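S.K.: Let me give you the structure first, and then I'll get to my questions.
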Amino acid sequence: NYSEAYGNRGVLYFELKQYELAIQEFDKAIELNPDDPKIYSNRGAVYDSIKQYERAIQDYNKAIELNPNLEDVYYNRGNTYENFGQYEQAIKDFDEAIQLNKDFYRAYHNRGNVYLKLKQHERAFKDYNKTIQLNPNFSEAYYNRGLVYDDLKQYRLAIQDYDKAIQLNPNFEYAYLYRALAYVNLGQYDLAIPDYDKAIELNPNDVDYYNNRAMAYSMIGKLNQAISDLNKAISLQPNNPISYQLRGIIYRELGDMEKAQADFNKAKSLFFN
């Protein structure tokens, strides 16, 4: 079956992130077998990955036309609608996927993500709880439920969820970041710093992490460490006015008005460029 062979090769290229080659293979598979919904769905997933959302939706529509009972296709189209910013359409597709498979935890989870974006916290919360009930080891559900608690300023509950997400996935960069931010909101700067350390270890090129850790250091009087972080941030991104502004504030606190003024001037020139 040549169509299946092309389709399998397309999946392989997709997994290797060789998207153009994947599309070519799926095109050939469709040419040989234009009635296989799976091929359209797979090509749709490739188009989604390269942000060609309209083409992705066309492929998912065709797959659904050929077989309206494939929950994965509704789920994938829902994800594309979400990426496309069409949240109501996304919710409808996740509803449909759940209708076809009541235990589809990822569909509950991603519907929860859309509700979170729409600030419909109660609905998001309900979907994350259902996700966790169906799969208690899905770290992203705890992380996203933590974001709901964050939005509601329930920082201690948010931290409990970030704890759980990190326990399940010790390399969950954003869980460390948001747990640090929750500690900052509680004024627990000394607890925020080790989480920024870990986030930086996982992603050493994110300027915001150094800026944030510098602010936490400054709040507990470790001004030299704060300067060191801001120097690093500026070396990574020399045109970021925020790093200069923050470093100027720290220099002022250290009584070095000359360096403070130089940093404020630099920040100002970058803000207005």
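By convention here, the chains of the structure tokens are called A, B, ... in the order presented, each chain's residues are numbered starting at 1, and ligands are numbered starting at 1 in the order presented.
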With a distance cut-off of 12 Å and only C-alpha atoms, select the neighbouring residues of Gln52 in chain A, excluding the residue or stretch itself and same-chain residues fewer than 4 positions from it, and output the selection as a list in words.
M.R.: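 Here the qualifying residues turn out to be Tyr19, Arg43, Gly44, Ala45, Val46, Tyr47, Asp48, Ala56, Ile57, Gln58, Asp59, Thr80, Tyr81, Asn83 and Phe84 of chain A.
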S.K.: Any idea what's packed within 9 Å of Glu4 in chain A, counting only C-alpha atoms, ignoring anything in its chain fewer than 3 positions away? Could you give it as a ChimeraX atom specification?
M.R.: /A:1,7-9,29,33,39
S.K.: When DSSP works through the backbone of this structure, what residues of range 28-271 of chain A end up as alpha helix (DSSP H), shown as number ranges by chain?
M.R.: A: 28-32, 37-49, 53-66, 71-83, 87-100, 105-117, 121-134, 139-151, 155-168, 173-185, 189-202, 207-219, 223-236, 241-253, 257-271
S.K.: Find the residues around range 132-138 of chain A up to 9 Å (only C-alpha atoms counted), leave out those fewer than 2 positions away in its own chain, and share them as a VMD selection string.
M.R.: chain A and resid 103 to 105 109 127 to 130 140 to 142 165 168
S.K.: Keeping all heavy atoms, export the residues of the selection given above as a CSV table (one decimal), in the first residue's frame.
M.R.:
chain,number,residue,atom,x,y,z
A,103,ASP,N,-13.2,10.0,28.4
A,103,ASP,CA,-12.0,9.9,29.2
A,103,ASP,C,-10.8,10.6,28.5
A,103,ASP,O,-9.6,10.4,28.9
A,103,ASP,CB,-11.6,8.5,29.5
A,103,ASP,CG,-12.6,7.8,30.3
A,103,ASP,OD1,-13.3,8.4,31.1
A,103,ASP,OD2,-12.8,6.5,30.2
A,104,PHE,N,-11.1,11.5,27.6
A,104,PHE,CA,-10.1,12.2,26.8
A,104,PHE,C,-9.5,13.4,27.7
A,104,PHE,O,-9.9,14.5,27.5
A,104,PHE,CB,-10.7,12.7,25.5
A,104,PHE,CG,-9.7,13.1,24.4
A,104,PHE,CD1,-10.2,13.2,23.1
A,104,PHE,CD2,-8.4,13.2,24.7
A,104,PHE,CE1,-9.3,13.6,22.1
A,104,PHE,CE2,-7.5,13.5,23.6
A,104,PHE,CZ,-7.9,13.7,22.4
A,105,TYR,N,-8.5,13.0,28.5
A,105,TYR,CA,-8.1,14.0,29.5
A,105,TYR,C,-7.4,15.2,28.9
A,105,TYR,O,-7.5,16.3,29.4
A,105,TYR,CB,-7.1,13.3,30.5
A,105,TYR,CG,-5.7,13.0,30.1
A,105,TYR,CD1,-4.7,13.9,30.1
A,105,TYR,CD2,-5.5,11.7,29.5
A,105,TYR,CE1,-3.4,13.5,29.7
A,105,TYR,CE2,-4.2,11.3,29.1
A,105,TYR,CZ,-3.2,12.3,29.2
A,105,TYR,OH,-1.9,11.9,28.7
A,109,HIS,N,-8.2,19.2,29.4
A,109,HIS,CA,-7.1,20.1,29.8
A,109,HIS,C,-7.0,21.3,28.9
A,109,HIS,O,-6.9,22.4,29.3
A,109,HIS,CB,-5.7,19.3,29.8
A,109,HIS,CG,-4.5,20.1,30.1
A,109,HIS,ND1,-3.7,20.6,29.0
A,109,HIS,CD2,-4.0,20.6,31.2
A,109,HIS,CE1,-2.8,21.3,29.6
A,109,HIS,NE2,-2.9,21.4,30.9
A,127,ASP,N,-12.3,21.9,34.6
A,127,ASP,CA,-11.6,21.1,33.6
A,127,ASP,C,-10.3,20.5,34.0
A,127,ASP,O,-9.9,19.4,33.8
A,127,ASP,CB,-11.5,21.8,32.2
A,127,ASP,CG,-12.7,21.7,31.4
A,127,ASP,OD1,-13.6,20.9,31.6
A,127,ASP,OD2,-12.8,22.5,30.4
A,128,TYR,N,-9.5,21.3,34.7
A,128,TYR,CA,-8.2,20.9,35.3
A,128,TYR,C,-8.4,19.8,36.3
A,128,TYR,O,-7.7,18.8,36.4
A,128,TYR,CB,-7.4,22.0,35.8
A,128,TYR,CG,-6.9,23.0,34.8
A,128,TYR,CD1,-7.0,24.4,35.0
A,128,TYR,CD2,-6.5,22.6,33.5
A,128,TYR,CE1,-6.6,25.3,34.1
A,128,TYR,CE2,-6.1,23.5,32.6
A,128,TYR,CZ,-6.1,24.9,32.8
A,128,TYR,OH,-5.7,25.8,31.9
A,129,ASN,N,-9.5,20.0,37.2
A,129,ASN,CA,-9.8,18.9,38.2
A,129,ASN,C,-10.1,17.6,37.5
A,129,ASN,O,-9.7,16.5,37.9
A,129,ASN,CB,-10.9,19.4,39.1
A,129,ASN,CG,-10.5,20.4,40.0
A,129,ASN,OD1,-9.3,20.7,40.3
A,129,ASN,ND2,-11.5,21.1,40.7
A,130,LYS,N,-10.9,17.7,36.4
A,130,LYS,CA,-11.3,16.5,35.7
A,130,LYS,C,-10.1,15.8,35.0
A,130,LYS,O,-9.9,14.6,35.0
A,130,LYS,CB,-12.4,16.8,34.6
A,130,LYS,CG,-12.9,15.7,33.8
A,130,LYS,CD,-13.7,14.7,34.7
A,130,LYS,CE,-14.3,13.6,33.9
A,130,LYS,NZ,-15.0,12.6,34.7
A,140,GLU,N,1.3,19.1,33.6
A,140,GLU,CA,0.8,20.4,33.0
A,140,GLU,C,-0.6,20.8,33.6
A,140,GLU,O,-0.9,22.0,33.7
A,140,GLU,CB,0.6,20.3,31.5
A,140,GLU,CG,2.0,20.4,30.8
A,140,GLU,CD,1.9,20.2,29.3
A,140,GLU,OE1,1.0,20.8,28.7
A,140,GLU,OE2,2.7,19.5,28.7
A,141,ALA,N,-1.4,19.8,34.0
A,141,ALA,CA,-2.7,20.1,34.6
A,141,ALA,C,-2.5,20.8,36.0
A,141,ALA,O,-3.2,21.8,36.3
A,141,ALA,CB,-3.5,18.9,34.8
A,142,TYR,N,-1.6,20.4,36.8
A,142,TYR,CA,-1.3,21.0,38.1
A,142,TYR,C,-0.7,22.4,37.8
A,142,TYR,O,-1.1,23.4,38.5
A,142,TYR,CB,-0.3,20.2,38.9
A,142,TYR,CG,-0.8,18.8,39.3
A,142,TYR,CD1,-0.5,17.7,38.6
A,142,TYR,CD2,-1.7,18.7,40.4
A,142,TYR,CE1,-1.0,16.5,38.9
A,142,TYR,CE2,-2.2,17.5,40.8
A,142,TYR,CZ,-1.8,16.4,40.0
A,142,TYR,OH,-2.3,15.1,40.4
A,165,ALA,N,3.5,19.8,40.2
A,165,ALA,CA,4.0,19.8,38.8
A,165,ALA,C,5.5,19.5,38.7
A,165,ALA,O,6.0,18.7,37.9
A,165,ALA,CB,3.7,21.1,38.1
A,168,LEU,N,6.4,15.9,39.6
A,168,LEU,CA,6.1,15.0,38.5
A,168,LEU,C,7.1,15.2,37.3
A,168,LEU,O,7.4,14.3,36.6
A,168,LEU,CB,4.7,15.2,38.0
A,168,LEU,CG,3.6,14.7,38.9
A,168,LEU,CD1,2.2,15.2,38.5
A,168,LEU,CD2,3.5,13.2,38.9
S.K.: Could you name the residues that touch Gly146 in chain A at 10 Å or less, counting only C-alpha atoms, but leaving out those on the same chain fewer than 6 positions away, as a list in words?
M.R.: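 Answer for this query is Phe125, Tyr128, Glu140, Leu152, Gln154, Tyr155, Arg156, Leu157, Ala158, Ile159, Gln160, Asp161, Tyr162, Asp163, Lys164, Ala165, Ala175, Tyr178, Arg179 and Ala182 of chain A.
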S.K.: For the residues selected in the previous step, produce a file with N, CA and C atoms as a JSON list (two decimals), in the first residue's frame.
M.R.:
[["chain", "number", "residue", "atom", "x", "y", "z"],
["A", 125, "PHE", "N", -11.02, 25.70, 36.13],
["A", 125, "PHE", "CA", -10.73, 24.93, 37.35],
["A", 125, "PHE", "C", -11.38, 23.55, 37.27],
["A", 128, "TYR", "N", -9.52, 21.35, 34.75],
["A", 128, "TYR", "CA", -8.23, 20.86, 35.26],
["A", 128, "TYR", "C", -8.44, 19.78, 36.32],
["A", 140, "GLU", "N", 1.25, 19.12, 33.58],
["A", 140, "GLU", "CA", 0.77, 20.39, 33.03],
["A", 140, "GLU", "C", -0.58, 20.81, 33.64],
["A", 152, "LEU", "N", -6.33, 34.32, 40.70],
["A", 152, "LEU", "CA", -7.26, 34.62, 41.80],
["A", 152, "LEU", "C", -6.52, 35.10, 43.05],
["A", 154, "GLN", "N", -4.56, 33.53, 44.90],
["A", 154, "GLN", "CA", -4.48, 32.50, 45.95],
["A", 154, "GLN", "C", -3.11, 31.83, 45.82],
["A", 155, "TYR", "N", -2.09, 32.57, 46.24],
["A", 155, "TYR", "CA", -0.71, 32.19, 45.92],
["A", 155, "TYR", "C", -0.27, 30.91, 46.61],
["A", 156, "ARG", "N", -0.72, 30.69, 47.83],
["A", 156, "ARG", "CA", -0.29, 29.47, 48.54],
["A", 156, "ARG", "C", -0.83, 28.22, 47.86],
["A", 157, "LEU", "N", -2.08, 28.30, 47.39],
["A", 157, "LEU", "CA", -2.64, 27.15, 46.65],
["A", 157, "LEU", "C", -1.94, 26.98, 45.31],
["A", 158, "ALA", "N", -1.59, 28.10, 44.68],
["A", 158, "ALA", "CA", -0.84, 28.03, 43.42],
["A", 158, "ALA", "C", 0.49, 27.30, 43.66],
["A", 159, "ILE", "N", 1.17, 27.66, 44.74],
["A", 159, "ILE", "CA", 2.48, 27.05, 45.05],
["A", 159, "ILE", "C", 2.33, 25.54, 45.24],
["A", 160, "GLN", "N", 1.26, 25.11, 45.90],
["A", 160, "GLN", "CA", 1.03, 23.66, 46.08],
["A", 160, "GLN", "C", 0.94, 22.95, 44.73],
["A", 161, "ASP", "N", 0.25, 23.60, 43.79],
["A", 161, "ASP", "CA", 0.12, 22.98, 42.45],
["A", 161, "ASP", "C", 1.45, 22.99, 41.70],
["A", 162, "TYR", "N", 2.22, 24.08, 41.83],
["A", 162, "TYR", "CA", 3.53, 24.12, 41.18],
["A", 162, "TYR", "C", 4.45, 23.06, 41.80],
["A", 163, "ASP", "N", 4.34, 22.88, 43.12],
["A", 163, "ASP", "CA", 5.12, 21.83, 43.79],
["A", 163, "ASP", "C", 4.86, 20.47, 43.14],
["A", 164, "LYS", "N", 3.57, 20.19, 42.94],
["A", 164, "LYS", "CA", 3.17, 18.90, 42.39],
["A", 164, "LYS", "C", 3.66, 18.75, 40.95],
["A", 165, "ALA", "N", 3.54, 19.83, 40.17],
["A", 165, "ALA", "CA", 4.01, 19.80, 38.77],
["A", 165, "ALA", "C", 5.51, 19.50, 38.72],
["A", 175, "ALA", "N", 7.14, 26.04, 35.70],
["A", 175, "ALA", "CA", 6.63, 25.78, 37.05],
["A", 175, "ALA", "C", 7.56, 26.42, 38.09],
["A", 178, "TYR", "N", 6.96, 30.33, 37.78],
["A", 178, "TYR", "CA", 5.72, 30.85, 38.37],
["A", 178, "TYR", "C", 5.66, 30.59, 39.88],
["A", 179, "ARG", "N", 6.34, 29.55, 40.33],
["A", 179, "ARG", "CA", 6.41, 29.37, 41.79],
["A", 179, "ARG", "C", 7.24, 30.50, 42.40],
["A", 182, "ALA", "N", 5.10, 33.51, 42.55],
["A", 182, "ALA", "CA", 4.12, 33.39, 43.65],
["A", 182, "ALA", "C", 4.79, 33.71, 44.99]]
S.K.: For Tyr244 in chain A, find every residue with an atom within 8 Å (counting only C-alpha atoms), except residues of its own chain fewer than 4 positions away, and show them as a PyMOL selection string.
M.R.: chain A and resi 230+234+240+248+263-264+266-267
S.K.: Mind pulling up the distance from CA of Phe271 in chain A to CA of Ile249 in chain A?
M.R.: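 Interatomic distance here is 16.1 Å.
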S.K.: Give the answer as one residue: which of A:Phe26, A:Tyr176, A:Tyr40, A:Tyr196 has the shortest atom-to-atom distance to Leu12 in chain A, using only C-alpha atoms?
M.R.: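 Among A:Phe26, A:Tyr176, A:Tyr40, A:Tyr196, it is A:Phe26 that comes nearest to Leu12 in chain A.
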S.K.: Point out the residue among A:Glu54, A:Glu88, A:Glu173, A:Glu31 with the least atom-to-atom distance to Asp195 in chain A, counting only C-alpha atoms.
M.R.: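 Looking at the shortest contact to Asp195 in chain A, the residue is A:Glu173.
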